[in-house]
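Student: Quick one: this structure, given as structure tokens, is what I'll be asking you about.
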Protein chains: 4
Amino acid sequence: MEPIDIETLADPDLRDPVLVEGLPGVGHVGKLAAEHLLEEFESTLVRRVYADEFPPQVDVDDEGVASLTCASFHAVDLSSPTPTDIEEEDDEEAEDVDDSGADADDEVAHSDGDGEKVEDGEASEDADEEHGTVPTDRDLLVLTGHHQAGSNKGHYQLTEAFLDVAEEFGVEEAYALGGVPTGELIEEHNVLGAVSNADLIDSLAEAGVEFRGDEPAGGIVGVSGLLLGLGGRRGFDVACLMGETSGYLVDPKSAKAVLETLEQQLGFRVEFAALEKRAEEMEEVVGKIQQMQEGGGGAGPGDEELRYIG
Amino acid sequence: MEPIDIETLADPDLRDPVLVEGLPGVGHVGKLAAEHLLEEFESTLVRRVYADEFPPQVDVDDEGVASLTCASFHAVDLSSPTPTDIEEEDDEEAEDVDDSGADADDEVAHSDGDGEKVEDGEASEDADEEHGTVPTDRDLLVLTGHHQAGSNKGHYQLTEAFLDVAEEFGVEEAYALGGVPTGELIEEHNVLGAVSNADLIDSLAEAGVEFRGDEPAGGIVGVSGLLLGLGGRRGFDVACLMGETSGYLVDPKSAKAVLETLEQQLGFRVEFAALEKRAEEMEEVVGKIQQMQEGGGGAGPGDEELRYIG
Amino acid sequence: MEPIDIETLADPDLRDPVLVEGLPGVGHVGKLAAEHLLEEFESTLVRRVYADEFPPQVDVDDEGVASLTCASFHAVDLSSPTPTDIEEEDDEEAEDVDDSGADADDEVAHSDGDGEKVEDGEASEDADEEHGTVPTDRDLLVLTGHHQAGSNKGHYQLTEAFLDVAEEFGVEEAYALGGVPTGELIEEHNVLGAVSNADLIDSLAEAGVEFRGDEPAGGIVGVSGLLLGLGGRRGFDVACLMGETSGYLVDPKSAKAVLETLEQQLGFRVEFAALEKRAEEMEEVVGKIQQMQEGGGGAGPGDEELRYIG
Amino acid sequence: MEPIDIETLADPDLRDPVLVEGLPGVGHVGKLAAEHLLEEFESTLVRRVYADEFPPQVDVDDEGVASLTCASFHAVDLSSPTPTDIEEEDDEEAEDVDDSGADADDEVAHSDGDGEKVEDGEASEDADEEHGTVPTDRDLLVLTGHHQAGSNKGHYQLTEAFLDVAEEFGVEEAYALGGVPTGELIEEHNVLGAVSNADLIDSLAEAGVEFRGDEPAGGIVGVSGLLLGLGGRRGFDVACLMGETSGYLVDPKSAKAVLETLEQQLGFRVEFAALEKRAEEMEEVVGKIQQMQEGGGGAGPGDEELRYIG
């Protein structure tokens with residue numbers, strides 16, 4: 001295997017595509033947000049990026065089939081919502097926190113083999129009404145995965161590879177989604193912004209993104225940071241949208257806040273019911289932990305619930 | 001020395017060979033299992049794999065002769081059992097936990113110089129009866145060693161090199177042996193499975209391997225994981241057989257459980273007396289430790305016994 | 001991006017230039033000293049050095065614009081002081097500890113586009129009188145940045161790249177600025193020296209630099225050490241000037257002590273009011289911490305002040 | 001600089017030379033032993049090996065002159081003793097623990113510029129009598145330095161480079177000197193051996209080296225281990241001589257024990273007065289520490305003494 005090995009699964013023509021990155025990080029905010037897009041819209045798996053800078057690891061799916069850890073690019077059709085049916089999924093959904101790679105790949109089933117998006121006209125029209133999808137003439141190219149690189153050098157090399165893929169699809173605009181830690185549990189999740197060039201600030205500020213001088217103080221690290229830094233040097237218009245989050249828990253609420261600014265910025269609509277349900281579940285767990293810590297006695301939370309935290 | 005340096009010691013023709021990997025990991029389950037195969041059957045050392053990703057280390061044998069740390073491939077003839085004589089070996093056996101590399105190489109003495117397996121007809125027929133060996137028309141290619149690679153990149157490179165060797169010998173089917181930690185001392189050692197493609201599940205399930213959705217939760221790391229991931233991408237049929245083990249102790253019982261599923265799957269028979277003896281010794285040590293922790297007073301276990309633990 | 005990527009922003013002819021390096025280290029002494037030179041004189045950003053050995057990180061400026069972390073070379077005109085107006089900057093200045101990269105680049109505004117230094121004759125004459133600038137016929141090439149390399153190998157490669165840039169500009173003489181930890185709070189900040197060849201000792205000793213046998217005991221590490229080691233091997237005359245500092249706090253006083261020896265050595269004059277003000281602020285913070293530790297009660301120092309420490 | 005950069009300082013013809021390696025390790029036994037040889041005999045610095053796997057560091061000598069950290073090869077003339085005058089050196093000697101590189105290089109002063117050893121006939125004859133030097137028709141090539149490599153890969157690459165140098169000089173026989181930790185303070189320092197091939201065992205056993213089965217249990221790591229492993233693969237006759245030492249302190253006594261076996265093995269004689277003096281000083285320090293721990297009151301050991309420990 002080459003140090004970085006890019007597998008092509010489909011090569012659809014994308015309409016003025018926008019790169020949206022959501023890899024693991026603070027509160028898994030970016031990852032939750034990006035995966036939510038894959039769950040709520042029709043998507044096509046177009047690239048897998050394997051790298052010897054990723055952990056030497058396979059992920060095992062619900063059948064027991066292992067696949068080499070990788071980052072994935074999905075083409076997302078914002079006009080074809082496939083909203084999660086909350087009632088039906090219920091318990092199943094509760095187990096998905098660490099399973100997005102498999103989930104994401106399953107979505108390929110919604111498309112046909114050669115990467116053409118399914119044109120399921122009536123269904124999506126219904127969906128439009130039901131979920132308030134607004135027409136959009138742009139596609140998303142969503143980058144997700146379970147890991148970041150294992151070394152400084154690896155982060156640079158992987159980000160360059162990601163930008164290469166984005167360029168192949170004609171991307172000129174990118175959003176790196178992530179979280180910014182506040183260090184305490186918070187009610188309101190502001191979204192902090194950073195951009196590769198100053199021209200991008202005004203429209204993002206209008207979409208509700210906050211720009212605070214010199215924040216985050218420690219800079220932005222990992223792939224999100226390098227998309228700004230290396231993407232900016234290549235001439236991409238890149239913004240990093242960082243949802244405030246405690247930093248201690250997986251935070252679906254912060255992911256929702258980030259996606260709301262992205263909705264505003266790109267002019268699309270997405271259902272949040274699944275993210276909200278997950279947020280409620282998180283809150284129950286947090287509540288039980290707080291009870292336990294206050295010596296509230298009684299049985300602790302079951303395994304079922306605790307798995308949410310990390 | 002090249003970053004990875006493969007030394008050829010013999011090049012026998014193998015009959016539809018099956019790769020069996022057992023490198024160090026949780027409970028040393030895979031390593032114990034693979035080394036047990038080398039001890040119980042006639043084997044030929046065919047390759048040594050040196051790598052600058054291994055620790056900068058030599059292992060010293062019982063004479064004081066040092067040899068550069070490496071991984072080894074042995075061709076194993078399943079129809080030529082060389083069962084360990086438990087009574088005779090006794091104390092000597094007790095010191096072998098970390099000494100398999102040397103042991104394994106000693107086995108070369110059972111074969112002649114050019115790698116042809118000894119055809120000691122009568123002896124092996126006797127053995128057949130005594131130890132219940134069943135006829136088999138396949139050979140094993142057993143991969144063992146004392147170390148895994150020291151970096152992400154190194155794991156990928158080494159696993160590719162191991163797969164190259166396997167391909168040279170015409171391997172199409174591989175079993176990565178290992179342990180999966182339960183976090184507590186257990187009586188029954190189930191064997192958990194993961195596969196490179198779904199077609200392999202049925203026969204393994206019949207052989208007693210359990211497939212549980214999304215387990216192990218953290219994926220499978222190291223060479224075992226990459227044999228699945230990279231081997232699968234090359235078209236090998238790979239299964240990982242993971243014996244449940246506490247994760248705190250070297251676990252010969254778990255190794256036996258793993259080998260029992262392999263026996264079923266490949267249709268061969270192996271003696272377990274040596275592993276069982278080692279398991280008993282481990283249990284004695286554990287018993288003494290528990291006594292000590294319960295303040296049972298008296299002398300602690302001697303050095304002789306404690307060396308078993310790690 | 002290449003592993004090390006040097007961006008050329010200007011290529012002015014420098015007069016017998018002297019390399020002055022101030023990257024992060026003990027007490028941030030070298031970094032504070034080098035940045036002080038950029039603040040007090042007219043300077044031109046001439047090179048940015050990006051490297052995949054730097055952290056995968058962008059720094060965010062006061063607008064929210066992110067830039068890839070890098071090391072920077074500025075050409076500094078010692079005859080064109082642009083002294084910081086302490087009164088005016090005041091609070092703003094208090095926030096600059098970790099913001100020098102941006103500051104430094106702002107200085108480009110003082111020069112015109114093609115790297116020619118502004119020849120603002122009368123103004124600089126005034127400045128001469130006011131700030132006691134002495135005429136000098138040499139320019140400085142000041143190397144600053146927010147990071148050192150992340151690995152042994154990276155330190156060597158980056159330092160070689162820095163020396164390449166210095167050679168391009170005709171540098172033959174270099175000063176690596178840094179701190180040497182004493183382990184306790186000190187009043188007087190001696191400056192310890194080490195040189196690439198013994199001929200440099202006398203003039204530095206005259207300038208107030210101390211040479212003590214075999215100190216610092218642990219050698220000199222990082223870019224400062226390698227400028228001596230690799231620079232010396234290339235034939236540069238290199239001295240390392242290390243201000244004594246506790247090692248626990250950012251230390252503007254030690255930076256001033258280091259710059260005073262550099263003034264003597266190179267025959268220039270620089271205003272210290274801004275460094276002195278920063279030192280006073282640090283002392284206030286230290287005083288409050290000491291009060292707190294002594295249980296002096298009362299409110300602790302505000303965030304505003306505490307950010308100084310690290 | 002190349003990743004490994006070998007500087008040639010002299011190219012004398014050596015008589016059937018024997019490589020003796022003493023780099024830092026357990027108890028600094030190997031380093032002390034190798035440096036003692038450089039102090040007690042006439043020697044010529046023949047090679048410096050720089051490597052970007054070494055720490056990014058310079059060492060500062062007693063004048064304040066910095067030199068890039070490196071490993072050094074000295075040719076040692078066993079028939080030209082330059083015994084340390086204990087009385088005269090006294091305090092100076094006490095400061096030399098971490099200063100061997102500089103010391104060693106100073107020895108070049110004993111030889112003339114082109115690497116020819118000084119033929120100071122009468123003086124060395126006197127020395128013969130005085131210090132019991134026995135005639136020998138072999139030279140030593142002594143490898144010392146302040147550091148080992150910083151990564152697995154680096155250890156392999158450096159050791160290969162060291163072996164290349166040894167081959168250039170016609171070395172066929174090598175001794176890696178080191179310590180083996182016992183975990184407790186000991187009175188008698190046995191010397192444990194390991195060899196690259198079994199033929200070497202007998203003569204070493206006669207010289208007093210012990211060979212114990214499978215010891216040291218964890219193998220031998222670092223350059224000493226790889227000299228055995230990689231040297232053995234190249235066909236060198238390599239032995240590792242490991243002096244027993246507590247593992248907690250720099251141990252001149254263990255170094256002496258190792259050198260005594262080397263004397264026997266190679267048939268030369270060396271003065272031990274300097275090592276013995278250092279050992280006494282260590283014992284004083286240890287005694288004082290023990291007193292302190294026993295609450296013996298009084299002033300603790302001064303800085304002068306404590307610096308010996310690490």
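Scheme for the structure tokens: letters A, B, ... for chains in order shown; per-chain residue numbers from 1; ligand numbers from 1 in order shown.
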Please list as a PyMOL selection string every residue within 7 Å of stretch 158-170 of chain C, counting only C-alpha atoms and excluding residues in the same chain fewer than 5 positions away.
Tutor: chain C and resi 14+16-17+19+223+226-227+231
Student: Check which residues of chain A sit at most 9 Å from chain C using only C-alpha atoms, and return one row each with the closest pair of atoms and their distance in Å to one decimal, ordered by chain and rising number, as a Markdown table.
Tutor:
| residue | atom | partner | partner_atom | distance |
| --- | --- | --- | --- | --- |
| A:Ser151 | CA | C:Pro56 | CA | 8.8 |
| A:Asn152 | CA | C:Pro55 | CA | 5.6 |
| A:Lys153 | CA | C:Asp52 | CA | 4.7 |
| A:Gly154 | CA | C:Asp52 | CA | 8.1 |
| A:His155 | CA | C:Pro56 | CA | 6.1 |
| A:Tyr156 | CA | C:Asp52 | CA | 5.9 |
| A:Gln157 | CA | C:Met1 | CA | 8.0 |
| A:Glu160 | CA | C:Met1 | CA | 7.3 |
| A:Gly193 | CA | C:Gly64 | CA | 6.8 |
| A:Ala194 | CA | C:Gly64 | CA | 4.8 |
| A:Val195 | CA | C:Val65 | CA | 5.0 |
| A:Ser196 | CA | C:Ala66 | CA | 5.5 |
| A:Asn197 | CA | C:Val65 | CA | 5.8 |
| A:Ala198 | CA | C:Val65 | CA | 6.0 |
| A:Ile201 | CA | C:Gly64 | CA | 7.9 |
| A:Phe211 | CA | C:Gly64 | CA | 5.7 |
| A:Arg212 | CA | C:Gly64 | CA | 6.5 |
| A:Gly213 | CA | C:Asp62 | CA | 3.7 |
| A:Asp214 | CA | C:Asp62 | CA | 4.5 |
| A:Glu215 | CA | C:Val60 | CA | 6.4 |
| A:Pro216 | CA | C:Val60 | CA | 7.2 |
| A:Ala217 | CA | C:Val60 | CA | 7.7 |
| A:Gly218 | CA | C:Asp59 | CA | 7.4 |
| A:Gly219 | CA | C:Asp59 | CA | 4.5 |
| A:Ile220 | CA | C:Val58 | CA | 5.4 |
| A:Val221 | CA | C:Gln57 | CA | 4.3 |
| A:Gly222 | CA | C:Pro56 | CA | 5.4 |
| A:Val223 | CA | C:Pro56 | CA | 7.4 |
| A:Ser224 | CA | C:Gln57 | CA | 8.6 |
| A:Gly225 | CA | C:Gln57 | CA | 5.3 |
| A:Leu226 | CA | C:Gln57 | CA | 6.1 |
| A:Leu228 | CA | C:Ala66 | CA | 6.6 |
| A:Gly229 | CA | C:Leu68 | CA | 4.3 |
| A:Leu230 | CA | C:Leu68 | CA | 6.9 |
| A:Gly232 | CA | C:Ser67 | CA | 8.0 |
| A:Arg233 | CA | C:Leu68 | CA | 8.4 |
Student: Stretch 34-45 of chain A: which residues within 6 Å, counting only C-alpha atoms, same-chain residues fewer than 3 positions away excluded, as a list in words?
Tutor: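 Non-adjacent residues within range: Gly22, Lys31, His74, Ala75, Val76, Asp77, Ser80, Pro81, Thr82, Pro83 and Val108 of chain A.
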Student: Just the selected residues (N, CA and C atoms), exported as a PDB file, in the first residue's frame, please.
Tutor:
ATOM      1  N   GLY A  22     -15.666  16.792   8.606  1.00  0.00           N
ATOM      2  CA  GLY A  22     -16.035  16.505   9.991  1.00  0.00           C
ATOM      3  C   GLY A  22     -15.308  15.288  10.524  1.00  0.00           C
ATOM      4  N   LYS A  31     -17.547  15.656  13.578  1.00  0.00           N
ATOM      5  CA  LYS A  31     -17.881  14.313  13.117  1.00  0.00           C
ATOM      6  C   LYS A  31     -19.392  14.091  13.184  1.00  0.00           C
ATOM      7  N   HIS A  74     -18.089  11.518   0.656  1.00  0.00           N
ATOM      8  CA  HIS A  74     -19.399  11.245   0.077  1.00  0.00           C
ATOM      9  C   HIS A  74     -19.895  12.476  -0.665  1.00  0.00           C
ATOM     10  N   ALA A  75     -20.452  12.247  -1.833  1.00  0.00           N
ATOM     11  CA  ALA A  75     -21.174  13.315  -2.518  1.00  0.00           C
ATOM     12  C   ALA A  75     -22.581  13.337  -1.945  1.00  0.00           C
ATOM     13  N   VAL A  76     -23.036  14.494  -1.546  1.00  0.00           N
ATOM     14  CA  VAL A  76     -24.334  14.614  -0.887  1.00  0.00           C
ATOM     15  C   VAL A  76     -25.257  15.494  -1.721  1.00  0.00           C
ATOM     16  N   ASP A  77     -26.457  14.954  -1.998  1.00  0.00           N
ATOM     17  CA  ASP A  77     -27.438  15.682  -2.791  1.00  0.00           C
ATOM     18  C   ASP A  77     -28.424  16.368  -1.843  1.00  0.00           C
ATOM     19  N   SER A  80     -32.245  15.849  -1.982  1.00  0.00           N
ATOM     20  CA  SER A  80     -32.809  14.505  -1.816  1.00  0.00           C
ATOM     21  C   SER A  80     -32.745  14.033  -0.373  1.00  0.00           C
ATOM     22  N   PRO A  81     -33.530  14.642   0.483  1.00  0.00           N
ATOM     23  CA  PRO A  81     -33.475  14.240   1.884  1.00  0.00           C
ATOM     24  C   PRO A  81     -33.925  12.802   2.088  1.00  0.00           C
ATOM     25  N   THR A  82     -33.278  12.122   2.988  1.00  0.00           N
ATOM     26  CA  THR A  82     -33.674  10.770   3.403  1.00  0.00           C
ATOM     27  C   THR A  82     -33.763  10.779   4.928  1.00  0.00           C
ATOM     28  N   PRO A  83     -34.727  11.538   5.430  1.00  0.00           N
ATOM     29  CA  PRO A  83     -34.741  11.801   6.864  1.00  0.00           C
ATOM     30  C   PRO A  83     -34.824  10.522   7.685  1.00  0.00           C
ATOM     31  N   VAL A 108     -24.482   4.139   0.330  1.00  0.00           N
ATOM     32  CA  VAL A 108     -24.249   3.870  -1.082  1.00  0.00           C
ATOM     33  C   VAL A 108     -25.433   3.101  -1.661  1.00  0.00           C
TER      34      VAL A 108
END
Student: As a ChimeraX atom specification, please: every residue in stretch 117-303 of chain A that DSSP puts in helix (DSSP H, G or I).
Tutor: /A:121-131,152-168,198-206,222-234,252-266,273-293,303
Student: Please, which residues of stretch 203-301 of chain A, numbered as in this document, come out strand (DSSP E or B) from DSSP, as an MDAnalysis selection string?
Tutor: chainID A and resid 210 220:221 237:245
Student: Using all heavy atoms, can you export the residues from the last selection as a PDB file, in the first residue's frame?
Tutor:
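The result, stored in part26.pdb:
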ATOM      1  N   GLU A 210     -19.694  33.794  15.018  1.00  0.00           N
ATOM      2  CA  GLU A 210     -19.008  34.846  15.769  1.00  0.00           C
ATOM      3  C   GLU A 210     -17.530  34.881  15.433  1.00  0.00           C
ATOM      4  O   GLU A 210     -16.886  33.840  15.329  1.00  0.00           O
ATOM      5  CB  GLU A 210     -19.142  34.606  17.276  1.00  0.00           C
ATOM      6  CG  GLU A 210     -20.512  34.876  17.815  1.00  0.00           C
ATOM      7  CD  GLU A 210     -20.520  34.804  19.341  1.00  0.00           C
ATOM      8  OE1 GLU A 210     -19.491  35.149  19.964  1.00  0.00           O
ATOM      9  OE2 GLU A 210     -21.552  34.395  19.880  1.00  0.00           O
ATOM     10  N   ILE A 220      -5.906  26.597  15.785  1.00  0.00           N
ATOM     11  CA  ILE A 220      -6.766  25.466  15.415  1.00  0.00           C
ATOM     12  C   ILE A 220      -5.861  24.348  14.921  1.00  0.00           C
ATOM     13  O   ILE A 220      -5.066  24.548  14.007  1.00  0.00           O
ATOM     14  CB  ILE A 220      -7.755  25.873  14.305  1.00  0.00           C
ATOM     15  CG1 ILE A 220      -8.580  27.074  14.772  1.00  0.00           C
ATOM     16  CG2 ILE A 220      -8.665  24.707  13.936  1.00  0.00           C
ATOM     17  CD1 ILE A 220      -9.400  27.721  13.667  1.00  0.00           C
ATOM     18  N   VAL A 221      -5.977  23.181  15.541  1.00  0.00           N
ATOM     19  CA  VAL A 221      -5.059  22.092  15.197  1.00  0.00           C
ATOM     20  C   VAL A 221      -5.757  20.981  14.408  1.00  0.00           C
ATOM     21  O   VAL A 221      -6.978  20.937  14.321  1.00  0.00           O
ATOM     22  CB  VAL A 221      -4.432  21.457  16.469  1.00  0.00           C
ATOM     23  CG1 VAL A 221      -3.572  22.466  17.200  1.00  0.00           C
ATOM     24  CG2 VAL A 221      -5.510  20.890  17.364  1.00  0.00           C
ATOM     25  N   ASP A 237     -11.432  29.023  -0.663  1.00  0.00           N
ATOM     26  CA  ASP A 237     -12.091  29.819   0.375  1.00  0.00           C
ATOM     27  C   ASP A 237     -12.498  28.865   1.480  1.00  0.00           C
ATOM     28  O   ASP A 237     -13.419  28.051   1.312  1.00  0.00           O
ATOM     29  CB  ASP A 237     -13.341  30.511  -0.182  1.00  0.00           C
ATOM     30  CG  ASP A 237     -12.989  31.692  -1.067  1.00  0.00           C
ATOM     31  OD1 ASP A 237     -11.897  32.270  -0.870  1.00  0.00           O
ATOM     32  OD2 ASP A 237     -13.790  32.035  -1.947  1.00  0.00           O
ATOM     33  N   VAL A 238     -11.831  28.927   2.615  1.00  0.00           N
ATOM     34  CA  VAL A 238     -12.083  27.970   3.688  1.00  0.00           C
ATOM     35  C   VAL A 238     -12.536  28.686   4.951  1.00  0.00           C
ATOM     36  O   VAL A 238     -11.956  29.707   5.332  1.00  0.00           O
ATOM     37  CB  VAL A 238     -10.820  27.151   4.037  1.00  0.00           C
ATOM     38  CG1 VAL A 238     -11.184  25.984   4.959  1.00  0.00           C
ATOM     39  CG2 VAL A 238     -10.133  26.655   2.786  1.00  0.00           C
ATOM     40  N   ALA A 239     -13.579  28.144   5.564  1.00  0.00           N
ATOM     41  CA  ALA A 239     -13.997  28.636   6.874  1.00  0.00           C
ATOM     42  C   ALA A 239     -14.022  27.466   7.845  1.00  0.00           C
ATOM     43  O   ALA A 239     -14.378  26.353   7.480  1.00  0.00           O
ATOM     44  CB  ALA A 239     -15.374  29.282   6.788  1.00  0.00           C
ATOM     45  N   CYS A 240     -13.627  27.741   9.061  1.00  0.00           N
ATOM     46  CA  CYS A 240     -13.750  26.739  10.118  1.00  0.00           C
ATOM     47  C   CYS A 240     -14.880  27.191  11.037  1.00  0.00           C
ATOM     48  O   CYS A 240     -14.875  28.320  11.522  1.00  0.00           O
ATOM     49  CB  CYS A 240     -12.433  26.619  10.881  1.00  0.00           C
ATOM     50  SG  CYS A 240     -12.458  25.309  12.116  1.00  0.00           S
ATOM     51  N   LEU A 241     -15.874  26.331  11.221  1.00  0.00           N
ATOM     52  CA  LEU A 241     -17.015  26.634  12.084  1.00  0.00           C
ATOM     53  C   LEU A 241     -16.904  25.785  13.339  1.00  0.00           C
ATOM     54  O   LEU A 241     -16.985  24.557  13.268  1.00  0.00           O
ATOM     55  CB  LEU A 241     -18.325  26.326  11.351  1.00  0.00           C
ATOM     56  CG  LEU A 241     -18.494  26.990   9.983  1.00  0.00           C
ATOM     57  CD1 LEU A 241     -19.828  26.600   9.357  1.00  0.00           C
ATOM     58  CD2 LEU A 241     -18.382  28.503  10.103  1.00  0.00           C
ATOM     59  N   MET A 242     -16.700  26.448  14.465  1.00  0.00           N
ATOM     60  CA  MET A 242     -16.433  25.719  15.704  1.00  0.00           C
ATOM     61  C   MET A 242     -17.528  25.941  16.728  1.00  0.00           C
ATOM     62  O   MET A 242     -17.704  27.051  17.238  1.00  0.00           O
ATOM     63  CB  MET A 242     -15.097  26.184  16.292  1.00  0.00           C
ATOM     64  CG  MET A 242     -13.896  25.844  15.430  1.00  0.00           C
ATOM     65  SD  MET A 242     -12.422  26.848  15.853  1.00  0.00           S
ATOM     66  CE  MET A 242     -12.802  28.353  14.898  1.00  0.00           C
ATOM     67  N   GLY A 243     -18.267  24.875  17.012  1.00  0.00           N
ATOM     68  CA  GLY A 243     -19.339  24.977  17.994  1.00  0.00           C
ATOM     69  C   GLY A 243     -18.785  24.950  19.405  1.00  0.00           C
ATOM     70  O   GLY A 243     -17.950  24.105  19.727  1.00  0.00           O
ATOM     71  N   GLU A 244     -19.251  25.844  20.235  1.00  0.00           N
ATOM     72  CA  GLU A 244     -18.817  25.794  21.629  1.00  0.00           C
ATOM     73  C   GLU A 244     -19.334  24.511  22.274  1.00  0.00           C
ATOM     74  O   GLU A 244     -20.478  24.104  22.056  1.00  0.00           O
ATOM     75  CB  GLU A 244     -19.335  27.009  22.401  1.00  0.00           C
ATOM     76  CG  GLU A 244     -18.604  28.292  22.058  1.00  0.00           C
ATOM     77  CD  GLU A 244     -19.027  29.438  22.960  1.00  0.00           C
ATOM     78  OE1 GLU A 244     -20.164  29.408  23.488  1.00  0.00           O
ATOM     79  OE2 GLU A 244     -18.231  30.377  23.113  1.00  0.00           O
ATOM     80  N   THR A 245     -18.503  23.901  23.074  1.00  0.00           N
ATOM     81  CA  THR A 245     -18.860  22.646  23.731  1.00  0.00           C
ATOM     82  C   THR A 245     -17.996  22.520  24.980  1.00  0.00           C
ATOM     83  O   THR A 245     -16.905  23.091  25.046  1.00  0.00           O
ATOM     84  CB  THR A 245     -18.631  21.444  22.784  1.00  0.00           C
ATOM     85  OG1 THR A 245     -18.960  20.244  23.479  1.00  0.00           O
ATOM     86  CG2 THR A 245     -17.196  21.362  22.302  1.00  0.00           C
TER      87      THR A 245
END
Student: Report the distance between atom CA of B:Leu140 and atom CA of B:Val20 in Å, rounded to one decimal place.
Tutor: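 Between these atoms lies a distance of 6.8 Å.
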Student: Find the spatial neighbours of B:Tyr50, counting only C-alpha atoms, within a cut-off of 7 Å - ignore same-chain residues fewer than 4 positions away - and output them as number ranges by chain.
Tutor: B: 4-6, 69-71
Student: In Å to one decimal, how far is atom CA of B:Val285 from atom CA of B:Glu263?
Tutor: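 Computing the Euclidean distance for atom CA of B:Glu263 and atom CA of B:Val285 yields 28.9 Å.
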Student: Skip C:Glu184 itself and residues of its chain fewer than 5 positions away, then list as a PyMOL selection string all residues within 12 Å of it, counting only C-alpha atoms.
Tutor: chain C and resi 189+244-249
Student: Print the selection's residues with C-alpha atoms to a file, as a PDB file, in the first residue's frame.
Tutor:
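Below is the file that was written, out.pdb:
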ATOM      1  CA  HIS C 189      19.809  38.433  34.885  1.00  0.00           C
ATOM      2  CA  GLU C 244      19.298  33.719  33.151  1.00  0.00           C
ATOM      3  CA  THR C 245      15.651  33.218  34.027  1.00  0.00           C
ATOM      4  CA  SER C 246      13.718  31.248  36.589  1.00  0.00           C
ATOM      5  CA  GLY C 247      12.326  28.924  33.937  1.00  0.00           C
ATOM      6  CA  TYR C 248       8.815  29.231  35.343  1.00  0.00           C
ATOM      7  CA  LEU C 249       7.593  32.460  33.755  1.00  0.00           C
TER       8      LEU C 249
END
Student: Do you have the atom CA of C:Val46-atom CA of C:Leu200 distance handy?
Tutor: 28.1 Å
